[in-house]
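Q: So that you have it, the file is upload_18.tsv, and it contains TSV, C-alpha atoms:
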```tsv
chain	number	residue	atom	x	y	z
Q	185	MET	CA	25.66	-160.83	73.76
Q	186	ARG	CA	24.18	-158.16	76.04
Q	187	LYS	CA	27.38	-156.08	75.80
Q	188	ASN	CA	27.40	-156.35	72.00
Q	189	ARG	CA	23.77	-155.27	71.81
Q	190	ARG	CA	24.51	-152.27	73.97
Q	191	THR	CA	27.50	-151.22	71.85
Q	192	ILE	CA	25.41	-151.52	68.69
Q	193	LEU	CA	22.76	-149.28	70.21
Q	194	LEU	CA	25.37	-146.83	71.45
Q	195	PHE	CA	26.97	-146.60	68.04
Q	196	THR	CA	23.58	-146.04	66.45
Q	197	ALA	CA	22.99	-143.13	68.82
Q	198	PHE	CA	26.48	-141.87	67.92
Q	199	LEU	CA	25.58	-141.97	64.22
Q	200	VAL	CA	22.39	-140.10	64.89
Q	201	CYS	CA	24.34	-137.23	66.40
Q	202	ILE	CA	26.74	-137.24	63.48
Q	203	ALA	CA	23.86	-137.05	61.04
Q	204	LEU	CA	22.23	-134.20	62.90
Q	205	VAL	CA	25.09	-131.76	63.19
Q	206	SER	CA	24.27	-130.12	59.88
Q	207	ALA	CA	23.45	-126.45	59.74
Q	208	VAL	CA	20.02	-126.73	61.27
Q	209	LEU	CA	19.88	-122.98	61.76
Q	210	PHE	CA	21.85	-122.06	58.63
Q	211	ASN	CA	19.72	-122.54	55.52
Q	212	LEU	CA	21.44	-122.78	52.13
Q	213	ASP	CA	19.70	-122.06	48.85
Q	214	ARG	CA	18.92	-125.23	46.88
Q	215	ILE	CA	21.03	-124.29	43.90
Q	216	MET	CA	23.95	-126.36	42.69
Q	217	LEU	CA	27.21	-124.45	42.77
Q	218	ALA	CA	29.49	-125.32	39.87
Q	219	ILE	CA	32.69	-123.36	39.54
Q	220	ASN	CA	35.16	-123.95	36.73
Q	221	GLY	CA	38.75	-124.45	37.69
Q	222	THR	CA	41.16	-127.05	38.99
Q	223	PRO	CA	41.53	-127.75	42.72
Q	224	ALA	CA	44.93	-128.07	44.30
Q	225	GLY	CA	46.22	-131.62	44.36
Q	226	ASN	CA	44.29	-132.83	41.33
Q	227	SER	CA	45.37	-135.58	38.96
Q	228	ASN	CA	48.22	-133.41	37.71
Q	229	ASP	CA	50.34	-134.34	40.73
Q	230	ARG	CA	49.03	-137.80	41.57
Q	231	THR	CA	48.17	-140.99	39.72
Q	232	ASP	CA	46.66	-144.21	41.00
Q	233	THR	CA	46.91	-147.91	40.27
Q	234	LEU	CA	44.96	-150.71	41.93
Q	235	ASP	CA	47.21	-150.91	44.99
Q	236	THR	CA	49.68	-148.03	44.60
Q	237	VAL	CA	49.20	-144.29	44.85
Q	238	TYR	CA	51.78	-141.83	43.57
Q	239	ILE	CA	51.97	-138.58	45.49
Q	240	ASP	CA	54.47	-136.01	44.22
Q	241	GLY	CA	56.13	-138.79	42.25
Q	242	GLU	CA	56.61	-141.12	45.23
Q	243	ALA	CA	54.87	-144.49	45.46
Q	244	TYR	CA	52.67	-145.28	48.45
Q	245	ARG	CA	50.61	-148.31	49.39
Q	246	PRO	CA	47.58	-148.44	51.68
Q	247	LYS	CA	48.35	-149.56	55.22
Q	248	SER	CA	47.08	-153.13	55.50
Q	249	THR	CA	46.15	-152.62	59.15
Q	250	VAL	CA	43.87	-149.63	58.50
Q	251	LYS	CA	40.13	-149.80	57.79
Q	252	ASN	CA	38.22	-146.66	56.90
Q	253	TYR	CA	34.55	-145.75	57.05
Q	254	VAL	CA	32.72	-142.64	55.91
Q	255	ILE	CA	29.69	-141.33	57.82
Q	256	ILE	CA	27.36	-138.97	55.92
Q	257	GLY	CA	24.70	-136.78	57.46
Q	258	ILE	CA	22.26	-135.57	54.81
Q	259	ASP	CA	20.03	-132.51	55.15
Q	260	GLN	CA	16.85	-134.42	54.46
Q	261	TYR	CA	14.03	-135.03	56.90
Q	262	GLY	CA	12.16	-138.29	56.70
Q	263	ALA	CA	12.88	-141.90	55.88
Q	264	THR	CA	15.69	-142.74	53.45
Q	265	GLU	CA	13.25	-144.04	50.84
Q	266	SER	CA	12.68	-140.38	50.02
Q	267	ASN	CA	14.87	-139.56	47.03
Q	268	GLY	CA	14.44	-135.80	46.83
Q	269	TYR	CA	17.19	-133.22	46.58
Q	270	ALA	CA	19.61	-133.40	49.50
Q	271	GLN	CA	23.14	-132.37	50.40
Q	272	ALA	CA	25.83	-134.11	52.43
Q	273	ASP	CA	25.77	-131.50	55.16
Q	274	PHE	CA	28.12	-133.43	57.43
Q	275	ILE	CA	30.87	-135.87	56.47
Q	276	LEU	CA	33.07	-137.74	58.92
Q	277	VAL	CA	35.88	-140.22	58.27
Q	278	LEU	CA	36.58	-142.91	60.88
Q	279	SER	CA	39.95	-144.64	60.46
Q	280	PHE	CA	40.79	-147.67	62.63
Q	281	ASP	CA	44.35	-149.03	62.83
Q	282	SER	CA	44.73	-152.53	64.27
Q	283	ALA	CA	48.52	-152.09	64.42
Q	284	ASP	CA	48.17	-150.15	67.67
Q	285	ASN	CA	44.42	-150.47	68.29
Q	286	SER	CA	43.74	-146.79	67.77
Q	287	TYR	CA	41.34	-144.73	65.70
Q	288	ARG	CA	41.23	-141.26	64.22
Q	289	VAL	CA	38.27	-139.00	63.54
Q	290	ILE	CA	38.61	-136.73	60.49
Q	291	PRO	CA	35.77	-134.30	59.78
Q	292	ILE	CA	35.43	-133.20	56.15
Q	293	ASN	CA	34.32	-129.59	55.80
Q	294	ARG	CA	31.06	-129.55	53.79
Q	295	ASP	CA	32.25	-126.36	52.05
Q	296	THR	CA	35.39	-128.09	50.68
Q	297	MET	CA	35.88	-127.22	47.02
Q	298	THR	CA	36.83	-130.38	45.17
Q	299	GLU	CA	35.99	-132.45	42.13
Q	300	ILE	CA	32.61	-134.18	42.27
Q	301	LEU	CA	30.68	-136.20	39.71
Q	302	VAL	CA	27.71	-134.49	38.11
Q	303	TYR	CA	25.22	-136.58	36.17
Q	304	ASP	CA	23.27	-135.29	33.20
Q	305	ALA	CA	19.66	-136.34	33.70
Q	306	PHE	CA	19.04	-136.38	29.94
Q	307	SER	CA	22.13	-138.10	28.55
Q	308	GLY	CA	22.80	-140.28	31.58
Q	309	GLU	CA	26.49	-139.43	31.28
Q	310	SER	CA	28.61	-138.00	34.06
Q	311	LYS	CA	31.36	-135.44	34.24
Q	312	GLU	CA	33.53	-133.93	36.94
Q	313	THR	CA	33.14	-130.38	38.11
Q	314	VAL	CA	34.56	-128.40	41.02
Q	315	ALA	CA	32.00	-127.60	43.71
Q	316	GLN	CA	31.33	-127.93	47.42
Q	317	ILE	CA	31.70	-131.56	48.45
Q	318	ALA	CA	28.26	-131.29	50.09
Q	319	LEU	CA	26.74	-131.16	46.63
Q	320	SER	CA	28.13	-134.59	45.73
Q	321	HIS	CA	25.10	-136.13	47.43
Q	322	ASN	CA	22.56	-134.58	45.10
Q	323	ASP	CA	24.27	-136.20	42.11
Q	324	GLY	CA	24.22	-132.88	40.33
Q	325	THR	CA	20.54	-133.19	39.49
Q	326	TYR	CA	17.11	-132.48	40.90
Q	327	THR	CA	15.71	-135.80	39.72
Q	328	GLU	CA	14.57	-138.81	41.74
Q	329	ILE	CA	17.82	-140.68	42.34
Q	330	SER	CA	18.27	-143.35	45.01
Q	331	ASN	CA	20.05	-142.45	48.22
Q	332	THR	CA	22.29	-145.47	47.66
Q	333	ARG	CA	23.62	-143.92	44.45
Q	334	LYS	CA	23.95	-140.53	46.14
Q	335	SER	CA	25.87	-142.07	49.05
Q	336	LYS	CA	28.24	-143.83	46.68
Q	337	ASN	CA	28.82	-140.55	44.88
Q	338	THR	CA	29.71	-138.76	48.10
Q	339	THR	CA	31.96	-141.63	49.16
Q	340	LYS	CA	33.81	-141.37	45.85
Q	341	ALA	CA	34.23	-137.61	46.29
Q	342	VAL	CA	35.74	-138.13	49.74
Q	343	SER	CA	38.02	-140.88	48.44
Q	344	ASP	CA	39.22	-138.71	45.57
Q	345	LEU	CA	39.86	-135.79	47.94
Q	346	LEU	CA	41.98	-138.06	50.17
Q	347	TYR	CA	44.17	-139.38	47.35
Q	348	GLY	CA	42.20	-142.53	46.62
Q	349	VAL	CA	41.70	-143.77	50.17
Q	350	GLU	CA	39.54	-146.89	50.13
Q	351	PHE	CA	36.49	-146.96	52.37
Q	352	LYS	CA	35.37	-150.33	53.66
Q	353	ASN	CA	31.82	-149.08	54.10
Q	354	TYR	CA	29.68	-145.97	54.16
Q	355	VAL	CA	26.74	-145.07	56.36
Q	356	SER	CA	24.44	-142.17	55.51
Q	357	MET	CA	21.55	-140.92	57.58
Q	358	SER	CA	18.66	-138.54	57.07
Q	359	MET	CA	18.03	-135.72	59.48
Q	360	ASN	CA	16.05	-136.60	62.56
Q	361	THR	CA	15.68	-134.66	65.75
Q	362	ILE	CA	18.70	-134.37	67.96
Q	363	GLY	CA	16.57	-132.81	70.66
Q	364	ILE	CA	14.68	-136.05	71.26
Q	365	ILE	CA	17.87	-138.09	71.61
Q	366	VAL	CA	19.63	-135.62	73.91
Q	367	ASP	CA	16.51	-135.40	76.04
Q	368	HIS	CA	16.36	-139.22	76.15
Q	369	ILE	CA	19.73	-139.38	77.87
Q	370	GLY	CA	19.07	-136.49	80.23
Q	371	GLY	CA	21.11	-133.79	78.50
Q	372	VAL	CA	24.76	-133.33	77.55
Q	373	GLU	CA	27.19	-131.05	79.38
Q	374	VAL	CA	29.65	-128.98	77.31
Q	375	TYR	CA	32.06	-126.10	77.74
Q	376	VAL	CA	31.06	-123.06	75.68
Q	377	GLU	CA	34.19	-121.51	74.20
Q	378	ASP	CA	32.65	-118.85	71.94
Q	379	ASP	CA	30.11	-116.19	72.78
Q	380	MET	CA	26.83	-117.65	71.53
Q	381	THR	CA	24.40	-115.41	73.40
Q	382	SER	CA	23.14	-114.09	70.06
Q	383	VAL	CA	21.88	-117.64	69.46
Q	384	ASP	CA	20.64	-118.28	72.99
Q	385	GLU	CA	21.28	-116.24	76.14
Q	386	ARG	CA	22.22	-119.44	78.02
Q	387	LEU	CA	25.25	-120.08	75.80
Q	388	VAL	CA	27.70	-117.81	77.57
Q	389	ALA	CA	31.40	-118.00	76.65
Q	390	GLY	CA	33.56	-119.54	79.36
Q	391	GLN	CA	30.66	-121.40	81.00
Q	392	THR	CA	29.92	-125.11	81.31
Q	393	VAL	CA	26.32	-125.63	80.23
Q	394	MET	CA	23.95	-128.61	80.38
Q	395	LEU	CA	22.37	-128.85	76.95
Q	396	ASP	CA	18.82	-130.08	76.67
Q	397	GLY	CA	17.52	-131.12	73.27
Q	398	GLU	CA	16.58	-127.65	72.10
Q	399	LEU	CA	19.82	-126.06	73.27
Q	400	ALA	CA	21.94	-128.89	71.82
Q	401	THR	CA	20.43	-128.27	68.39
Q	402	LYS	CA	21.38	-124.61	68.63
Q	403	PHE	CA	24.86	-125.35	69.96
Q	404	ILE	CA	25.86	-127.66	67.12
Q	405	GLY	CA	23.92	-125.98	64.33
Q	406	ALA	CA	24.67	-122.28	64.78
Q	407	ARG	CA	27.06	-120.76	62.27
Q	408	GLY	CA	26.38	-117.17	61.26
Q	409	GLY	CA	27.26	-114.66	63.97
Q	410	VAL	CA	29.29	-117.18	66.01
Q	411	SER	CA	33.09	-116.94	66.16
Q	412	ASP	CA	34.30	-116.29	62.59
Q	413	GLY	CA	31.06	-117.61	61.09
Q	414	THR	CA	32.79	-120.37	59.13
Q	415	ASN	CA	32.06	-124.08	59.03
Q	416	VAL	CA	35.55	-124.69	60.45
Q	417	SER	CA	34.66	-123.19	63.82
Q	418	ARG	CA	31.33	-125.00	63.79
Q	419	ILE	CA	33.08	-128.36	63.19
Q	420	LYS	CA	35.31	-127.77	66.22
Q	421	ARG	CA	32.22	-127.09	68.33
Q	422	GLN	CA	30.56	-130.23	66.99
Q	423	MET	CA	33.56	-132.32	68.01
Q	424	VAL	CA	33.25	-130.94	71.55
Q	425	PHE	CA	29.63	-132.05	71.56
Q	426	PHE	CA	30.46	-135.53	70.20
Q	427	ASP	CA	33.00	-136.24	72.91
Q	428	ALA	CA	30.57	-135.08	75.59
Q	429	PHE	CA	27.72	-137.08	74.08
Q	430	ILE	CA	29.71	-140.31	73.85
Q	431	GLU	CA	30.90	-139.90	77.44
Q	432	LYS	CA	27.34	-139.44	78.65
Q	433	ALA	CA	25.86	-142.21	76.50
Q	434	SER	CA	28.59	-144.61	77.66
Q	435	SER	CA	28.00	-143.90	81.33
Q	436	SER	CA	26.24	-146.24	83.72
Q	437	GLN	CA	23.45	-143.67	83.99
Q	438	ILE	CA	22.16	-144.68	80.56
Q	439	ASP	CA	20.36	-148.01	80.44
Q	440	GLU	CA	19.80	-150.23	77.43
Q	441	GLU	CA	16.15	-149.34	77.11
Q	442	LEU	CA	16.95	-145.70	76.42
Q	443	LEU	CA	19.48	-146.66	73.76
Q	444	LEU	CA	16.96	-149.05	72.27
Q	445	GLU	CA	14.51	-146.17	71.91
Q	446	CYS	CA	17.20	-144.22	70.04
Q	447	TYR	CA	17.79	-147.16	67.71
Q	448	GLU	CA	14.14	-147.74	66.96
Q	449	SER	CA	13.60	-144.06	66.18
Q	450	VAL	CA	16.27	-143.98	63.44
Q	451	GLU	CA	16.50	-147.43	61.88
Q	452	ASP	CA	14.43	-146.31	58.89
Q	453	TYR	CA	16.70	-143.32	58.31
Q	454	ILE	CA	19.92	-145.21	57.53
Q	455	VAL	CA	21.48	-146.15	54.18
Q	456	THR	CA	24.61	-148.32	54.13
Q	457	ASN	CA	26.39	-150.70	51.76
Q	458	ALA	CA	26.81	-153.15	54.64
Q	459	GLY	CA	24.39	-155.16	56.71
Q	460	GLU	CA	23.41	-154.50	60.30
Q	461	GLY	CA	26.71	-156.05	61.36
Q	462	ILE	CA	28.50	-152.80	60.52
Q	463	PHE	CA	27.13	-151.24	63.69
Q	464	GLY	CA	28.56	-153.98	65.86
Q	465	GLU	CA	31.84	-153.93	63.94
Q	466	ILE	CA	32.43	-150.20	64.34
Q	467	SER	CA	31.01	-149.91	67.85
Q	468	GLU	CA	33.29	-152.67	69.14
Q	469	LYS	CA	36.25	-150.73	67.78
Q	470	LEU	CA	34.99	-147.48	69.27
Q	471	SER	CA	34.74	-149.12	72.66
Q	472	SER	CA	38.03	-151.05	72.57
Q	473	TYR	CA	40.36	-148.85	70.49
Q	474	GLU	CA	42.11	-145.73	71.80
Q	475	LYS	CA	40.89	-142.49	70.31
Q	476	LYS	CA	43.70	-140.27	69.08
Q	477	GLU	CA	43.37	-136.53	68.62
Q	478	THR	CA	40.78	-135.45	66.06
Q	479	ILE	CA	42.42	-134.41	62.78
Q	480	MET	CA	41.27	-131.13	61.29
Q	481	ILE	CA	42.21	-130.76	57.63
Q	482	PRO	CA	43.95	-127.37	57.25
Q	483	GLY	CA	42.75	-124.84	54.73
Q	484	GLU	CA	41.13	-121.48	54.19
Q	485	SER	CA	37.49	-120.41	54.09
Q	486	LYS	CA	36.55	-117.77	51.54
Q	487	VAL	CA	33.36	-116.06	50.44
Q	488	GLY	CA	32.57	-117.40	46.98
Q	489	LYS	CA	30.21	-116.11	44.33
Q	490	LYS	CA	27.20	-117.35	46.28
Q	491	TYR	CA	28.42	-119.45	49.21
Q	492	MET	CA	31.28	-120.00	51.62
Q	493	GLU	CA	34.04	-122.07	50.06
Q	494	PHE	CA	36.79	-124.01	51.84
Q	495	TYR	CA	40.10	-124.64	50.07
Q	496	VAL	CA	42.31	-127.30	51.63
Q	497	ASP	CA	45.99	-126.71	52.29
Q	498	GLU	CA	47.24	-129.37	49.91
Q	499	GLU	CA	50.60	-129.85	51.61
Q	500	GLY	CA	48.90	-130.27	54.97
Q	501	LEU	CA	46.44	-132.73	53.44
Q	502	LYS	CA	49.28	-134.78	51.96
Q	503	ASP	CA	50.90	-135.00	55.39
Q	504	ILE	CA	47.65	-136.32	56.88
Q	505	VAL	CA	47.05	-138.83	54.10
Q	506	THR	CA	50.58	-140.23	54.13
Q	507	ASP	CA	50.57	-140.46	57.92
Q	508	VAL	CA	47.15	-142.02	58.51
Q	509	PHE	CA	46.30	-144.05	55.41
Q	510	TYR	CA	49.47	-144.86	53.44
Q	511	LYS	CA	53.05	-145.99	53.80
Q	512	LYS	CA	55.87	-145.62	51.31
Q	513	ALA	CA	56.22	-148.52	48.91
Q	514	ASN	CA	59.46	-150.51	49.19
```
Will you turn the file into structure tokens for me?
A:
Amino acid sequence: MRKNRRTILLFTAFLVCIALVSAVLFNLDRIMLAINGTPAGNSNDRTDTLDTVYIDGEAYRPKSTVKNYVIIGIDQYGATESNGYAQADFILVLSFDSADNSYRVIPINRDTMTEILVYDAFSGESKETVAQIALSHNDGTYTEISNTRKSKNTTKAVSDLLYGVEFKNYVSMSMNTIGIIVDHIGGVEVYVEDDMTSVDERLVAGQTVMLDGELATKFIGARGGVSDGTNVSRIKRQMVFFDAFIEKASSSQIDEELLLECYESVEDYIVTNAGEGIFGEISEKLSSYEKKETIMIPGESKVGKKYMEFYVDEEGLKDIVTDVFYKKAN
């Protein structure tokens, strides 16, 4: 019982970090981007039935041993009862395979151009438009819409992007303060690959640095002026931080009381379509399954009319989807 409680608390702390890796230092204008056009890999080259997906004319079925979860970090401060405008600034797919007791982590670039549902506040009807997947969480409106509905909308957008992959559950979290959590566990040590001295003089390329709360926020949030300035390079840096954070939080140095403080500070900031048991369910898998290499969806970042846009390499995405989530139908 004690072990299970600890893993639940650890996973909660893990979710907090996921939710907080949005562009804290990179502010986007609050204007919905809607661009006409058809994304690669749309319904023209795939069709779905209840249990079969057709990709390039070939039939695939979901792997029965795989369970998938989507984690959404929204750029909103405060408790999740607040229904104001917000974006899905960070999206992460966790895929667990009981066939070999392994799991994969698949970050979804928030700039990914794909089809999302947009709701008309006046007619109540919805339509699909091509925009950044981050905008799927605002439901295409500025009206007071529940975070449950927004989370379902983002989950659908991720599922559609990944050729109809079914998600067992979603968890979305409001922004909190990563500094408090990192400071709670005594800092996180990371290797700085890119020159980030323009962000903070302590973040020197080629150095191993102990991040306190303030520095951790800068490390995971910086975008402009670092590396190529795209969200792709920032995601890679965030994954470095996650691995270091989980290693530190899992160590014997961290007692249950500290993790309990983390849990209590964020329990009002979580929206999920599952009960509290989801934390135990996922955390047990995180602790007992083998983590395989993080999968980065290939693609290209471009400067759009107003924002950065990321276009997936559709052939590369198909390879990922058919390897991780599906198997060919007999």
Q: Nearest to Gly397 (chain Q): which of Q:Ile466, Q:Ile419, Q:Ile369, Q:Ala315 is it, counting only C-alpha atoms?
A: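 Of Q:Ile466, Q:Ile419, Q:Ile369, Q:Ala315, the one nearest Gly397 (chain Q), counting only C-alpha atoms, is Q:Ile369.
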Q: Between Q:Lys251, Q:Lys311, Q:Lys502, Q:Lys486, single out the one closest to Val416 (chain Q), counting all atoms listed in the file.
A: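 Of the candidates, the smallest distance to Val416 (chain Q) is held by Q:Lys486.
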Q: CA of Leu301 (chain Q) to CA of Thr332 (chain Q): how many Å, to one decimal?
A: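 Those two atoms sit 14.8 Å apart.
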Q: Q:Phe494, Q:Phe429, Q:Tyr354, Q:Tyr287: which is nearest Ala458 (chain Q), counting only C-alpha atoms?
A: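 Smallest distance to Ala458 (chain Q) is found for Q:Tyr354.
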Q: In terms of the shortest atom-to-atom distance over only C-alpha atoms, which of Q:Ile256, Q:Met297, Q:Ile290, Q:Val376 is closest to Gly483 (chain Q)?
A: Q:Met297
Q: At most 8 Å from (39.3, -125.5, 56.6), file frame, all atoms listed in the file: which residues, as JSON, numbers by chain?
A: {"Q": [293, 296, 415, 416, 480, 481, 482, 483, 484, 485, 494, 495, 496]}
Q: Residues proximal to (42.7, -141.5, 69.0) were defined as those with any atom within 12 Å of that point in the file's coordinates, counting all atoms listed in the file. Which are they, as a PyMOL selection string?
A: chain Q and resi 278-281+284-290+427+469-479+508
Q: Which is closer to Thr401 (chain Q) than all the others in Q:Asp344, Q:Glu448, Q:Glu299, Q:Asp384, using only C-alpha atoms?
A: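 Closest to Thr401 (chain Q), using only C-alpha atoms: Q:Asp384.
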Q: To one decimal place, how far is CA of Lys334 (chain Q) from CA of Thr456 (chain Q) in Å?
A: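 Between these atoms lies a distance of 11.2 Å.
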Q: Find the residue from Q:Gly257, Q:Gly241, Q:Gly488, Q:Pro246 that sits nearest to Val455 (chain Q); use only C-alpha atoms when measuring.
A: Q:Gly257
Q: Just the residues within 8 Å of Val277 (chain Q), please, counting all atoms listed in the file, with nothing from its chain fewer than 2 positions along; format it as a list in words.
A: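 Contacts, in chain order: Asn252, Tyr253, Val254, Ile255, Ile275, Ser279, Val289, Ile290, Pro291 and Ile292 of chain Q.
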Q: Please, what distance in Å, to one decimal, runs between CA of Met357 (chain Q) and CA of Ile454 (chain Q)?
A: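 Between CA of Met357 (chain Q) and CA of Ile454 (chain Q) the gap works out to 4.6 Å.
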Q: The centre and edge lengths of an axis-aligned box containing all atoms of region 245-249 of chain Q present in the file, extended by 3 Å on each side, are to be given in Å to one decimal, as lines of an AutoDock Vina configuration file.
A:
```
center_x = 48.4
center_y = -150.7
center_z = 54.3
size_x = 10.5
size_y = 10.8
size_z = 15.8
```
Q: For Glu312 (chain Q), work out the shell of residues within 9 Å, counting all atoms listed in the file and skipping chain neighbours fewer than 2 positions away, then give it as an MDAnalysis selection string.
A: chainID Q and resid 299:303 310 314
Q: Quick one: residues within 10 Å of Ala341 (chain Q), all atoms listed in the file counted, chain neighbours fewer than 4 positions away excluded, as an NGL selection string?
A: :Q and (298-301 or 317-321 or 335-337 or 345-346 or 348)
